[in-house]
$ cat my_file07.pdb   # PDB, C-alpha atoms
ATOM      1  CA  MET A   1     108.554 237.295 189.207  1.00  0.00           C
ATOM      2  CA  GLN A   2     106.452 238.325 192.199  1.00  0.00           C
ATOM      3  CA  PRO A   3     103.264 236.322 192.743  1.00  0.00           C
ATOM      4  CA  SER A   4     100.146 238.189 191.681  1.00  0.00           C
ATOM      5  CA  PRO A   5      97.515 239.018 194.255  1.00  0.00           C
ATOM      6  CA  ALA A   6      94.369 236.919 194.034  1.00  0.00           C
ATOM      7  CA  VAL A   7      91.853 238.318 191.608  1.00  0.00           C
ATOM      8  CA  ASP A   8      88.126 237.733 191.883  1.00  0.00           C
ATOM      9  CA  ASP A   9      85.971 236.740 188.939  1.00  0.00           C
ATOM     10  CA  PHE A  10      85.135 239.580 186.584  1.00  0.00           C
ATOM     11  CA  ASP A  11      83.411 240.457 183.333  1.00  0.00           C
ATOM     12  CA  LEU A  12      85.520 242.563 180.980  1.00  0.00           C
ATOM     13  CA  ILE A  13      83.420 244.249 178.317  1.00  0.00           C
ATOM     14  CA  VAL A  14      85.628 245.674 175.559  1.00  0.00           C
ATOM     15  CA  PHE A  15      83.934 248.260 173.357  1.00  0.00           C
ATOM     16  CA  GLY A  16      85.974 248.365 170.163  1.00  0.00           C
ATOM     17  CA  GLY A  17      86.547 244.659 170.734  1.00  0.00           C
ATOM     18  CA  ASN A  18      87.666 243.906 167.202  1.00  0.00           C
ATOM     19  CA  GLY A  19      89.795 247.008 166.746  1.00  0.00           C
ATOM     20  CA  ASP A  20      93.550 247.328 166.562  1.00  0.00           C
ATOM     21  CA  LEU A  21      94.056 248.124 170.246  1.00  0.00           C
ATOM     22  CA  ALA A  22      92.060 245.085 171.354  1.00  0.00           C
ATOM     23  CA  MET A  23      93.596 242.703 168.833  1.00  0.00           C
ATOM     24  CA  ARG A  24      97.241 243.761 169.105  1.00  0.00           C
ATOM     25  CA  LYS A  25      97.511 244.718 172.770  1.00  0.00           C
ATOM     26  CA  LEU A  26      94.624 244.028 175.122  1.00  0.00           C
ATOM     27  CA  LEU A  27      93.533 240.503 174.145  1.00  0.00           C
ATOM     28  CA  PRO A  28      97.085 239.148 173.733  1.00  0.00           C
ATOM     29  CA  ALA A  29      97.926 240.570 177.178  1.00  0.00           C
ATOM     30  CA  LEU A  30      94.900 238.805 178.651  1.00  0.00           C
ATOM     31  CA  LEU A  31      95.952 235.582 176.945  1.00  0.00           C
ATOM     32  CA  GLU A  32      99.426 235.960 178.467  1.00  0.00           C
ATOM     33  CA  LEU A  33      97.876 236.392 181.910  1.00  0.00           C
ATOM     34  CA  ASP A  34      95.746 233.309 181.352  1.00  0.00           C
ATOM     35  CA  LEU A  35      98.758 231.286 180.217  1.00  0.00           C
ATOM     36  CA  ASP A  36     100.478 232.288 183.451  1.00  0.00           C
ATOM     37  CA  ASP A  37      97.384 231.188 185.418  1.00  0.00           C
ATOM     38  CA  ARG A  38      96.758 234.742 186.555  1.00  0.00           C
ATOM     39  CA  LEU A  39      93.095 235.002 185.495  1.00  0.00           C
ATOM     40  CA  PRO A  40      90.392 233.646 187.775  1.00  0.00           C
ATOM     41  CA  ALA A  41      88.363 230.689 186.537  1.00  0.00           C
ATOM     42  CA  GLY A  42      85.208 232.794 186.269  1.00  0.00           C
ATOM     43  CA  ALA A  43      86.702 235.648 184.234  1.00  0.00           C
ATOM     44  CA  ARG A  44      84.730 236.427 181.070  1.00  0.00           C
ATOM     45  CA  ILE A  45      85.742 238.688 178.190  1.00  0.00           C
ATOM     46  CA  PHE A  46      83.201 240.234 175.829  1.00  0.00           C
ATOM     47  CA  GLY A  47      84.195 241.873 172.574  1.00  0.00           C
ATOM     48  CA  ILE A  48      81.681 244.543 171.579  1.00  0.00           C
ATOM     49  CA  ALA A  49      81.639 246.170 168.141  1.00  0.00           C
ATOM     50  CA  ARG A  50      79.312 247.160 165.325  1.00  0.00           C
ATOM     51  CA  SER A  51      80.644 244.517 162.953  1.00  0.00           C
ATOM     52  CA  ALA A  52      78.178 241.753 162.269  1.00  0.00           C
ATOM     53  CA  MET A  53      79.899 238.486 163.097  1.00  0.00           C
ATOM     54  CA  ASP A  54      79.169 235.505 165.264  1.00  0.00           C
ATOM     55  CA  ARG A  55      81.138 234.295 168.264  1.00  0.00           C
ATOM     56  CA  ASP A  56      83.058 231.682 166.259  1.00  0.00           C
ATOM     57  CA  ALA A  57      84.228 234.246 163.694  1.00  0.00           C
ATOM     58  CA  TYR A  58      85.278 236.584 166.485  1.00  0.00           C
ATOM     59  CA  ILE A  59      87.238 233.869 168.287  1.00  0.00           C
ATOM     60  CA  GLU A  60      88.982 232.977 165.034  1.00  0.00           C
ATOM     61  CA  ARG A  61      89.962 236.613 164.564  1.00  0.00           C
ATOM     62  CA  VAL A  62      91.183 236.918 168.161  1.00  0.00           C
ATOM     63  CA  GLU A  63      93.178 233.707 167.822  1.00  0.00           C
ATOM     64  CA  LYS A  64      94.944 234.999 164.726  1.00  0.00           C
ATOM     65  CA  GLY A  65      95.855 238.239 166.471  1.00  0.00           C
ATOM     66  CA  CYS A  66      96.891 236.582 169.717  1.00  0.00           C
ATOM     67  CA  ARG A  67      98.988 233.886 168.102  1.00  0.00           C
ATOM     68  CA  HIS A  68     100.806 236.554 166.094  1.00  0.00           C
ATOM     69  CA  GLN A  69     101.574 238.547 169.254  1.00  0.00           C
ATOM     70  CA  VAL A  70     102.142 235.691 171.706  1.00  0.00           C
ATOM     71  CA  GLY A  71     103.671 233.135 169.386  1.00  0.00           C
ATOM     72  CA  PRO A  72     102.472 229.613 168.634  1.00  0.00           C
ATOM     73  CA  LYS A  73     104.954 227.885 170.964  1.00  0.00           C
ATOM     74  CA  ARG A  74     103.672 229.775 174.011  1.00  0.00           C
ATOM     75  CA  CYS A  75     100.052 228.742 173.481  1.00  0.00           C
ATOM     76  CA  ASP A  76      99.186 225.193 172.490  1.00  0.00           C
ATOM     77  CA  ALA A  77      95.755 224.108 171.231  1.00  0.00           C
ATOM     78  CA  ALA A  78      94.492 223.049 174.656  1.00  0.00           C
ATOM     79  CA  ARG A  79      95.444 226.348 176.312  1.00  0.00           C
ATOM     80  CA  TRP A  80      93.970 228.328 173.422  1.00  0.00           C
ATOM     81  CA  LYS A  81      90.687 226.414 173.752  1.00  0.00           C
ATOM     82  CA  GLU A  82      90.624 227.242 177.462  1.00  0.00           C
ATOM     83  CA  PHE A  83      91.142 230.962 176.784  1.00  0.00           C
ATOM     84  CA  ALA A  84      88.639 230.953 173.909  1.00  0.00           C
ATOM     85  CA  GLY A  85      86.057 229.586 176.335  1.00  0.00           C
ATOM     86  CA  ARG A  86      86.231 232.912 178.172  1.00  0.00           C
ATOM     87  CA  LEU A  87      85.475 234.911 175.021  1.00  0.00           C
ATOM     88  CA  ASP A  88      82.163 236.092 173.680  1.00  0.00           C
ATOM     89  CA  TYR A  89      81.175 238.631 171.055  1.00  0.00           C
ATOM     90  CA  LEU A  90      78.242 240.935 170.720  1.00  0.00           C
ATOM     91  CA  SER A  91      77.462 243.148 167.774  1.00  0.00           C
ATOM     92  CA  LEU A  92      75.781 246.357 168.850  1.00  0.00           C
ATOM     93  CA  ASP A  93      75.628 250.012 167.954  1.00  0.00           C
ATOM     94  CA  ALA A  94      76.980 251.806 171.002  1.00  0.00           C
ATOM     95  CA  THR A  95      74.891 254.892 170.204  1.00  0.00           C
ATOM     96  CA  LYS A  96      71.562 253.014 170.323  1.00  0.00           C
ATOM     97  CA  PRO A  97      70.182 252.460 173.832  1.00  0.00           C
ATOM     98  CA  GLN A  98      67.997 249.562 172.692  1.00  0.00           C
ATOM     99  CA  ASP A  99      71.090 247.605 171.589  1.00  0.00           C
ATOM    100  CA  PHE A 100      72.261 247.399 175.206  1.00  0.00           C
ATOM    101  CA  ALA A 101      69.417 245.042 176.129  1.00  0.00           C
ATOM    102  CA  SER A 102      71.329 242.118 174.612  1.00  0.00           C
ATOM    103  CA  LEU A 103      74.402 243.035 176.658  1.00  0.00           C
ATOM    104  CA  ALA A 104      72.275 243.227 179.808  1.00  0.00           C
ATOM    105  CA  GLU A 105      71.002 239.706 179.085  1.00  0.00           C
ATOM    106  CA  ARG A 106      74.558 238.365 178.828  1.00  0.00           C
ATOM    107  CA  LEU A 107      75.565 240.005 182.114  1.00  0.00           C
ATOM    108  CA  ALA A 108      72.392 239.076 184.037  1.00  0.00           C
ATOM    109  CA  GLY A 109      72.904 237.123 187.220  1.00  0.00           C
ATOM    110  CA  ARG A 110      76.429 238.423 187.796  1.00  0.00           C
ATOM    111  CA  GLU A 111      75.620 241.810 189.278  1.00  0.00           C
ATOM    112  CA  ALA A 112      77.969 241.230 192.244  1.00  0.00           C
ATOM    113  CA  VAL A 113      80.902 240.394 189.961  1.00  0.00           C
ATOM    114  CA  VAL A 114      83.233 243.234 189.012  1.00  0.00           C
ATOM    115  CA  ARG A 115      82.340 244.610 185.587  1.00  0.00           C
ATOM    116  CA  VAL A 116      84.988 246.476 183.699  1.00  0.00           C
ATOM    117  CA  PHE A 117      83.750 248.462 180.721  1.00  0.00           C
ATOM    118  CA  TYR A 118      86.860 249.068 178.616  1.00  0.00           C
ATOM    119  CA  LEU A 119      86.262 251.788 176.024  1.00  0.00           C
ATOM    120  CA  ALA A 120      88.828 251.222 173.266  1.00  0.00           C
ATOM    121  CA  THR A 121      86.846 253.397 170.887  1.00  0.00           C
ATOM    122  CA  SER A 122      86.883 256.844 169.434  1.00  0.00           C
ATOM    123  CA  PRO A 123      86.591 259.421 172.246  1.00  0.00           C
ATOM    124  CA  ASP A 124      83.389 260.799 170.712  1.00  0.00           C
ATOM    125  CA  LEU A 125      81.723 257.512 171.744  1.00  0.00           C
ATOM    126  CA  PHE A 126      82.721 257.686 175.424  1.00  0.00           C
ATOM    127  CA  GLY A 127      79.694 259.816 176.355  1.00  0.00           C
ATOM    128  CA  PRO A 128      77.078 257.815 174.416  1.00  0.00           C
ATOM    129  CA  ILE A 129      78.470 254.475 175.608  1.00  0.00           C
ATOM    130  CA  THR A 130      78.510 255.438 179.283  1.00  0.00           C
ATOM    131  CA  LYS A 131      75.054 257.020 178.980  1.00  0.00           C
ATOM    132  CA  ASN A 132      73.682 253.787 177.505  1.00  0.00           C
ATOM    133  CA  ILE A 133      75.440 251.667 180.138  1.00  0.00           C
ATOM    134  CA  GLY A 134      73.676 253.763 182.751  1.00  0.00           C
ATOM    135  CA  ALA A 135      70.314 253.615 180.994  1.00  0.00           C
ATOM    136  CA  ALA A 136      70.586 249.807 180.795  1.00  0.00           C
ATOM    137  CA  LYS A 137      71.364 249.743 184.541  1.00  0.00           C
ATOM    138  CA  LEU A 138      74.683 247.968 183.963  1.00  0.00           C
ATOM    139  CA  ALA A 139      76.786 250.334 186.075  1.00  0.00           C
ATOM    140  CA  SER A 140      76.603 248.423 189.348  1.00  0.00           C
ATOM    141  CA  GLU A 141      78.523 249.417 192.472  1.00  0.00           C
ATOM    142  CA  THR A 142      81.283 247.018 191.438  1.00  0.00           C
ATOM    143  CA  ALA A 143      81.477 248.379 187.874  1.00  0.00           C
ATOM    144  CA  ARG A 144      84.487 250.222 186.515  1.00  0.00           C
ATOM    145  CA  VAL A 145      85.068 252.112 183.289  1.00  0.00           C
ATOM    146  CA  VAL A 146      88.403 252.400 181.510  1.00  0.00           C
ATOM    147  CA  LEU A 147      88.815 255.159 178.934  1.00  0.00           C
ATOM    148  CA  GLU A 148      91.576 254.312 176.482  1.00  0.00           C
ATOM    149  CA  LYS A 149      92.738 256.663 173.777  1.00  0.00           C
ATOM    150  CA  PRO A 150      93.085 260.388 173.624  1.00  0.00           C
ATOM    151  CA  LEU A 151      90.634 261.903 176.075  1.00  0.00           C
ATOM    152  CA  GLY A 152      89.642 264.756 173.816  1.00  0.00           C
ATOM    153  CA  GLU A 153      91.270 267.121 171.391  1.00  0.00           C
ATOM    154  CA  ASP A 154      91.648 269.989 173.837  1.00  0.00           C
ATOM    155  CA  LEU A 155      90.786 270.953 177.405  1.00  0.00           C
ATOM    156  CA  ALA A 156      87.132 271.702 176.588  1.00  0.00           C
ATOM    157  CA  SER A 157      86.507 268.354 174.875  1.00  0.00           C
ATOM    158  CA  SER A 158      88.366 266.506 177.637  1.00  0.00           C
ATOM    159  CA  ARG A 159      86.155 268.175 180.235  1.00  0.00           C
ATOM    160  CA  ALA A 160      83.036 267.305 178.214  1.00  0.00           C
ATOM    161  CA  ILE A 161      84.066 263.634 178.162  1.00  0.00           C
ATOM    162  CA  SER A 162      84.753 263.633 181.910  1.00  0.00           C
ATOM    163  CA  GLU A 163      81.396 265.280 182.598  1.00  0.00           C
ATOM    164  CA  ALA A 164      79.497 262.741 180.461  1.00  0.00           C
ATOM    165  CA  VAL A 165      81.260 259.790 182.089  1.00  0.00           C
ATOM    166  CA  SER A 166      80.728 261.198 185.607  1.00  0.00           C
ATOM    167  CA  ARG A 167      76.949 261.112 185.099  1.00  0.00           C
ATOM    168  CA  VAL A 168      77.176 257.306 185.255  1.00  0.00           C
ATOM    169  CA  PHE A 169      80.460 256.437 186.988  1.00  0.00           C
ATOM    170  CA  SER A 170      82.013 258.005 190.068  1.00  0.00           C
ATOM    171  CA  GLU A 171      85.590 259.214 189.926  1.00  0.00           C
ATOM    172  CA  SER A 172      86.711 256.174 191.937  1.00  0.00           C
ATOM    173  CA  GLN A 173      85.166 253.912 189.278  1.00  0.00           C
ATOM    174  CA  THR A 174      86.835 255.707 186.366  1.00  0.00           C
ATOM    175  CA  PHE A 175      90.288 254.870 185.009  1.00  0.00           C
ATOM    176  CA  ARG A 176      91.907 256.883 182.231  1.00  0.00           C
ATOM    177  CA  ILE A 177      94.689 255.829 179.888  1.00  0.00           C
ATOM    178  CA  ASP A 178      95.534 258.826 177.745  1.00  0.00           C
ATOM    179  CA  HIS A 179      98.247 258.433 175.152  1.00  0.00           C
ATOM    180  CA  TYR A 180      98.146 262.104 174.330  1.00  0.00           C
ATOM    181  CA  LEU A 181      95.876 265.113 174.572  1.00  0.00           C
ATOM    182  CA  GLY A 182      95.463 267.285 171.530  1.00  0.00           C
ATOM    183  CA  LYS A 183      96.323 267.293 167.865  1.00  0.00           C
ATOM    184  CA  GLU A 184      99.751 267.672 166.387  1.00  0.00           C
TER     185      GLU A 184
END
$ encode --input "my_file07.pdb" --output "structure tokens"
Amino acid sequence: MQPSPAVDDFDLIVFGGNGDLAMRKLLPALLELDLDDRLPAGARIFGIARSAMDRDAYIERVEKGCRHQVGPKRCDAARWKEFAGRLDYLSLDATKPQDFASLAERLAGREAVVRVFYLATSPDLFGPITKNIGAAKLASETARVVLEKPLGEDLASSRAISEAVSRVFSESQTFRIDHYLGKE
């Protein structure tokens, strides 16, 4: 395996943080990177969702999902505790601008650190989420946004999503992962 390039500290904010994509793919992949010592010491991961739960309940849920995907032999208790220390959870309604104040509090003081807003949500939330990120002044120069899922149902809806996102993030700050475009 090739050595990974050095990575600076970052804050990864996962909207849809307790959904299937986060639990089965994204968080286990991050755990794997951490187990391989490929995450910087100051990396933080925030799960964001509407579900009312505390941090401990979220970590328990993430652990169950990660251990199923990664396997118990790969991750002992000490390594899990280390990874869990990176995790936090915040319940908020992504369509309510006032809910973003609590996220801003958690991110305060790390404006120079790369912020990655990972939108593992329904595409109809991409516009409201990015609008509220902008309104809360969270889209710093070092911020990035990742759009995961179908990026619309057709060309018109895809363009509408891109237009909404571009009001807050430049094209160079925007990363798209589109599994498919359209309905079958």
$ resolve_selection --input "my_file07.pdb" --expression "the PyMOL selection byres ((chain A and resi 142-157) around 10)" --output "MDAnalysis selection string"
chainID A and resid 10:14 21 111:124 126 130 138:141 158:163 165 168:184
$ closest_residue --input "my_file07.pdb" --among "A:Leu90, A:Ala77, A:Leu39, A:Ala164" --to "Asn18 in chain A" --atoms "all atoms listed in the file"
A:Leu90
$ atom_distance --input "my_file07.pdb" --atom1 "CA of Asp9 in chain A" --atom2 "CA of Thr95 in chain A"
28.3 Å
$ resolve_selection --input "my_file07.pdb" --expression "the PyMOL selection byres ((chain A and resi 49) around 7)" --output "ChimeraX atom specification"
/A:15-18,47-48,50-51,90-92
$ atom_distance --input "my_file07.pdb" --atom1 "CA of Arg79 in chain A" --atom2 "CA of Ala57 in chain A"
18.6 Å
$ closest_atom_pairs --input "my_file07.pdb" --of "range 42-107 of chain A" --to "range 24-36 of chain A" --cutoff "12 Å" --atoms "only C-alpha atoms" --output "JSON lines"
{"residue": "A:Gly42", "atom": "CA", "partner": "A:Asp34", "partner_atom": "CA", "distance": 11.6}
{"residue": "A:Ala43", "atom": "CA", "partner": "A:Asp34", "partner_atom": "CA", "distance": 9.8}
{"residue": "A:Arg44", "atom": "CA", "partner": "A:Leu30", "partner_atom": "CA", "distance": 10.7}
{"residue": "A:Ile45", "atom": "CA", "partner": "A:Leu27", "partner_atom": "CA", "distance": 9.0}
{"residue": "A:Phe46", "atom": "CA", "partner": "A:Leu27", "partner_atom": "CA", "distance": 10.5}
{"residue": "A:Gly47", "atom": "CA", "partner": "A:Leu27", "partner_atom": "CA", "distance": 9.6}
{"residue": "A:Tyr58", "atom": "CA", "partner": "A:Leu27", "partner_atom": "CA", "distance": 11.9}
{"residue": "A:Ile59", "atom": "CA", "partner": "A:Leu27", "partner_atom": "CA", "distance": 10.9}
{"residue": "A:Arg61", "atom": "CA", "partner": "A:Leu27", "partner_atom": "CA", "distance": 10.9}
{"residue": "A:Val62", "atom": "CA", "partner": "A:Leu27", "partner_atom": "CA", "distance": 7.4}
{"residue": "A:Glu63", "atom": "CA", "partner": "A:Pro28", "partner_atom": "CA", "distance": 8.9}
{"residue": "A:Lys64", "atom": "CA", "partner": "A:Arg24", "partner_atom": "CA", "distance": 10.1}
{"residue": "A:Gly65", "atom": "CA", "partner": "A:Arg24", "partner_atom": "CA", "distance": 6.3}
{"residue": "A:Cys66", "atom": "CA", "partner": "A:Pro28", "partner_atom": "CA", "distance": 4.8}
{"residue": "A:Arg67", "atom": "CA", "partner": "A:Pro28", "partner_atom": "CA", "distance": 7.9}
{"residue": "A:His68", "atom": "CA", "partner": "A:Arg24", "partner_atom": "CA", "distance": 8.6}
{"residue": "A:Gln69", "atom": "CA", "partner": "A:Pro28", "partner_atom": "CA", "distance": 6.4}
{"residue": "A:Val70", "atom": "CA", "partner": "A:Pro28", "partner_atom": "CA", "distance": 6.5}
{"residue": "A:Gly71", "atom": "CA", "partner": "A:Pro28", "partner_atom": "CA", "distance": 9.9}
{"residue": "A:Lys73", "atom": "CA", "partner": "A:Leu35", "partner_atom": "CA", "distance": 11.6}
{"residue": "A:Arg74", "atom": "CA", "partner": "A:Leu35", "partner_atom": "CA", "distance": 8.1}
{"residue": "A:Cys75", "atom": "CA", "partner": "A:Leu35", "partner_atom": "CA", "distance": 7.3}
{"residue": "A:Asp76", "atom": "CA", "partner": "A:Leu35", "partner_atom": "CA", "distance": 9.8}
{"residue": "A:Ala77", "atom": "CA", "partner": "A:Leu35", "partner_atom": "CA", "distance": 11.9}
{"residue": "A:Ala78", "atom": "CA", "partner": "A:Leu35", "partner_atom": "CA", "distance": 10.8}
{"residue": "A:Arg79", "atom": "CA", "partner": "A:Leu35", "partner_atom": "CA", "distance": 7.1}
{"residue": "A:Trp80", "atom": "CA", "partner": "A:Leu31", "partner_atom": "CA", "distance": 8.3}
{"residue": "A:Lys81", "atom": "CA", "partner": "A:Leu31", "partner_atom": "CA", "distance": 11.0}
{"residue": "A:Glu82", "atom": "CA", "partner": "A:Asp34", "partner_atom": "CA", "distance": 8.8}
{"residue": "A:Phe83", "atom": "CA", "partner": "A:Leu31", "partner_atom": "CA", "distance": 6.7}
{"residue": "A:Ala84", "atom": "CA", "partner": "A:Leu31", "partner_atom": "CA", "distance": 9.2}
{"residue": "A:Gly85", "atom": "CA", "partner": "A:Asp34", "partner_atom": "CA", "distance": 11.5}
{"residue": "A:Arg86", "atom": "CA", "partner": "A:Asp34", "partner_atom": "CA", "distance": 10.0}
{"residue": "A:Leu87", "atom": "CA", "partner": "A:Leu27", "partner_atom": "CA", "distance": 9.8}
$ axis_aligned_box --input "my_file07.pdb" --around "range 63-68 of chain A" --padding-each-side "5 Å" --output "lines of an AutoDock Vina configuration file"
center_x = 97.0
center_y = 236.0
center_z = 167.2
size_x = 17.6
size_y = 14.5
size_z = 15.0
$ closest_residue --input "my_file07.pdb" --among "A:Ala136, A:Ala41, A:Ala52, A:Ile129" --to "Glu105 in chain A" --atoms "only C-alpha atoms"
A:Ala136
$ closest_residue --input "my_file07.pdb" --among "A:Met53, A:Asp88, A:Ile133, A:Pro128" --to "Ala104 in chain A" --atoms "all atoms listed in the file"
A:Ile133
$ atom_distance --input "my_file07.pdb" --atom1 "CA of Lys131 in chain A" --atom2 "CA of Arg167 in chain A"
7.6 Å
$ build_atoms --input "my_file07.pdb" --residues "range 6-24 of chain A" --atoms "N, CA, C and O atoms" --output "PDB file, in the coordinates of the input"
ATOM      1  N   ALA A   6      95.560 237.632 194.501  1.00  0.00           N
ATOM      2  CA  ALA A   6      94.369 236.919 194.034  1.00  0.00           C
ATOM      3  C   ALA A   6      93.400 237.909 193.399  1.00  0.00           C
ATOM      4  O   ALA A   6      93.225 239.025 193.891  1.00  0.00           O
ATOM      5  N   VAL A   7      92.807 237.484 192.324  1.00  0.00           N
ATOM      6  CA  VAL A   7      91.853 238.318 191.608  1.00  0.00           C
ATOM      7  C   VAL A   7      90.519 237.587 191.595  1.00  0.00           C
ATOM      8  O   VAL A   7      90.460 236.392 191.322  1.00  0.00           O
ATOM      9  N   ASP A   8      89.459 238.317 191.912  1.00  0.00           N
ATOM     10  CA  ASP A   8      88.126 237.733 191.883  1.00  0.00           C
ATOM     11  C   ASP A   8      87.634 237.636 190.446  1.00  0.00           C
ATOM     12  O   ASP A   8      88.162 238.298 189.541  1.00  0.00           O
ATOM     13  N   ASP A   9      86.593 236.836 190.249  1.00  0.00           N
ATOM     14  CA  ASP A   9      85.971 236.740 188.939  1.00  0.00           C
ATOM     15  C   ASP A   9      85.566 238.132 188.461  1.00  0.00           C
ATOM     16  O   ASP A   9      85.286 239.028 189.274  1.00  0.00           O
ATOM     17  N   PHE A  10      85.526 238.301 187.163  1.00  0.00           N
ATOM     18  CA  PHE A  10      85.135 239.580 186.584  1.00  0.00           C
ATOM     19  C   PHE A  10      84.577 239.368 185.186  1.00  0.00           C
ATOM     20  O   PHE A  10      84.803 238.337 184.557  1.00  0.00           O
ATOM     21  N   ASP A  11      83.845 240.372 184.721  1.00  0.00           N
ATOM     22  CA  ASP A  11      83.411 240.457 183.333  1.00  0.00           C
ATOM     23  C   ASP A  11      84.084 241.685 182.740  1.00  0.00           C
ATOM     24  O   ASP A  11      83.917 242.796 183.254  1.00  0.00           O
ATOM     25  N   LEU A  12      84.860 241.474 181.692  1.00  0.00           N
ATOM     26  CA  LEU A  12      85.520 242.563 180.980  1.00  0.00           C
ATOM     27  C   LEU A  12      84.771 242.758 179.672  1.00  0.00           C
ATOM     28  O   LEU A  12      84.703 241.843 178.849  1.00  0.00           O
ATOM     29  N   ILE A  13      84.204 243.940 179.492  1.00  0.00           N
ATOM     30  CA  ILE A  13      83.420 244.249 178.317  1.00  0.00           C
ATOM     31  C   ILE A  13      84.212 245.271 177.512  1.00  0.00           C
ATOM     32  O   ILE A  13      84.371 246.417 177.933  1.00  0.00           O
ATOM     33  N   VAL A  14      84.732 244.840 176.359  1.00  0.00           N
ATOM     34  CA  VAL A  14      85.628 245.674 175.559  1.00  0.00           C
ATOM     35  C   VAL A  14      84.858 246.274 174.383  1.00  0.00           C
ATOM     36  O   VAL A  14      84.552 245.581 173.403  1.00  0.00           O
ATOM     37  N   PHE A  15      84.525 247.548 174.486  1.00  0.00           N
ATOM     38  CA  PHE A  15      83.934 248.260 173.357  1.00  0.00           C
ATOM     39  C   PHE A  15      85.076 248.591 172.398  1.00  0.00           C
ATOM     40  O   PHE A  15      86.111 249.088 172.807  1.00  0.00           O
ATOM     41  N   GLY A  16      84.873 248.298 171.125  1.00  0.00           N
ATOM     42  CA  GLY A  16      85.974 248.365 170.163  1.00  0.00           C
ATOM     43  C   GLY A  16      86.706 247.030 170.177  1.00  0.00           C
ATOM     44  O   GLY A  16      87.900 246.949 169.915  1.00  0.00           O
ATOM     45  N   GLY A  17      85.983 245.973 170.504  1.00  0.00           N
ATOM     46  CA  GLY A  17      86.547 244.659 170.734  1.00  0.00           C
ATOM     47  C   GLY A  17      87.185 243.976 169.542  1.00  0.00           C
ATOM     48  O   GLY A  17      87.883 242.987 169.720  1.00  0.00           O
ATOM     49  N   ASN A  18      86.957 244.490 168.346  1.00  0.00           N
ATOM     50  CA  ASN A  18      87.666 243.906 167.202  1.00  0.00           C
ATOM     51  C   ASN A  18      88.586 244.925 166.543  1.00  0.00           C
ATOM     52  O   ASN A  18      89.043 244.723 165.429  1.00  0.00           O
ATOM     53  N   GLY A  19      88.897 245.981 167.252  1.00  0.00           N
ATOM     54  CA  GLY A  19      89.795 247.008 166.746  1.00  0.00           C
ATOM     55  C   GLY A  19      91.260 246.680 166.999  1.00  0.00           C
ATOM     56  O   GLY A  19      91.607 245.690 167.652  1.00  0.00           O
ATOM     57  N   ASP A  20      92.103 247.528 166.485  1.00  0.00           N
ATOM     58  CA  ASP A  20      93.550 247.328 166.562  1.00  0.00           C
ATOM     59  C   ASP A  20      94.052 247.242 167.995  1.00  0.00           C
ATOM     60  O   ASP A  20      94.849 246.368 168.331  1.00  0.00           O
ATOM     61  N   LEU A  21      93.608 248.126 168.852  1.00  0.00           N
ATOM     62  CA  LEU A  21      94.056 248.124 170.246  1.00  0.00           C
ATOM     63  C   LEU A  21      93.705 246.808 170.934  1.00  0.00           C
ATOM     64  O   LEU A  21      94.542 246.199 171.603  1.00  0.00           O
ATOM     65  N   ALA A  22      92.483 246.345 170.738  1.00  0.00           N
ATOM     66  CA  ALA A  22      92.060 245.085 171.354  1.00  0.00           C
ATOM     67  C   ALA A  22      92.837 243.908 170.786  1.00  0.00           C
ATOM     68  O   ALA A  22      93.300 243.043 171.536  1.00  0.00           O
ATOM     69  N   MET A  23      92.980 243.866 169.475  1.00  0.00           N
ATOM     70  CA  MET A  23      93.596 242.703 168.833  1.00  0.00           C
ATOM     71  C   MET A  23      95.114 242.632 169.023  1.00  0.00           C
ATOM     72  O   MET A  23      95.668 241.551 169.156  1.00  0.00           O
ATOM     73  N   ARG A  24      95.774 243.777 169.023  1.00  0.00           N
ATOM     74  CA  ARG A  24      97.241 243.761 169.105  1.00  0.00           C
ATOM     75  C   ARG A  24      97.778 243.880 170.519  1.00  0.00           C
ATOM     76  O   ARG A  24      98.906 243.477 170.795  1.00  0.00           O
TER      77      ARG A  24
END
